[in-house]
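The structure under discussion appears below in the form of structure tokens.
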Amino acid sequence: MAELLEEYTALVTRVLEHMVEDAPFPRRVRVLVRRSLPFASHHHHHPLLPAPVA
């Protein structure tokens with residue numbers, strides 16, 4: 001259950017990162033918001049969904 005919650009949180013964080021990146025806020029505000037997200041990446045271009053496992 002903990003792993004599922006962690007994966008869900010990471011996915012929600014990635015979605016929020018993309019939303020904030022496109023938001024009409026000054027760059028400094030967007031950076032501060034992204035840094036406050038749990039599991040936030042420091043890179044900007046991550047896919048929203050992981051690649052399917054073969």
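Every chain in the structure tokens takes a letter, A first, then B, and so on in the order presented; its residues are numbered from 1, and the ligands are numbered from 1 following the presented order.
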
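Counting only C-alpha atoms, stretch 22-39 of chain A has the following residues at most 10 Å away, ignoring those fewer than 2 positions along the same chain: Glu6, Glu7, Thr9, Ala10, Leu11, Val12, Thr13, Arg14, Leu16, Glu17, His18, Met19, Val20, Ser41, His42 and His44 of chain A.
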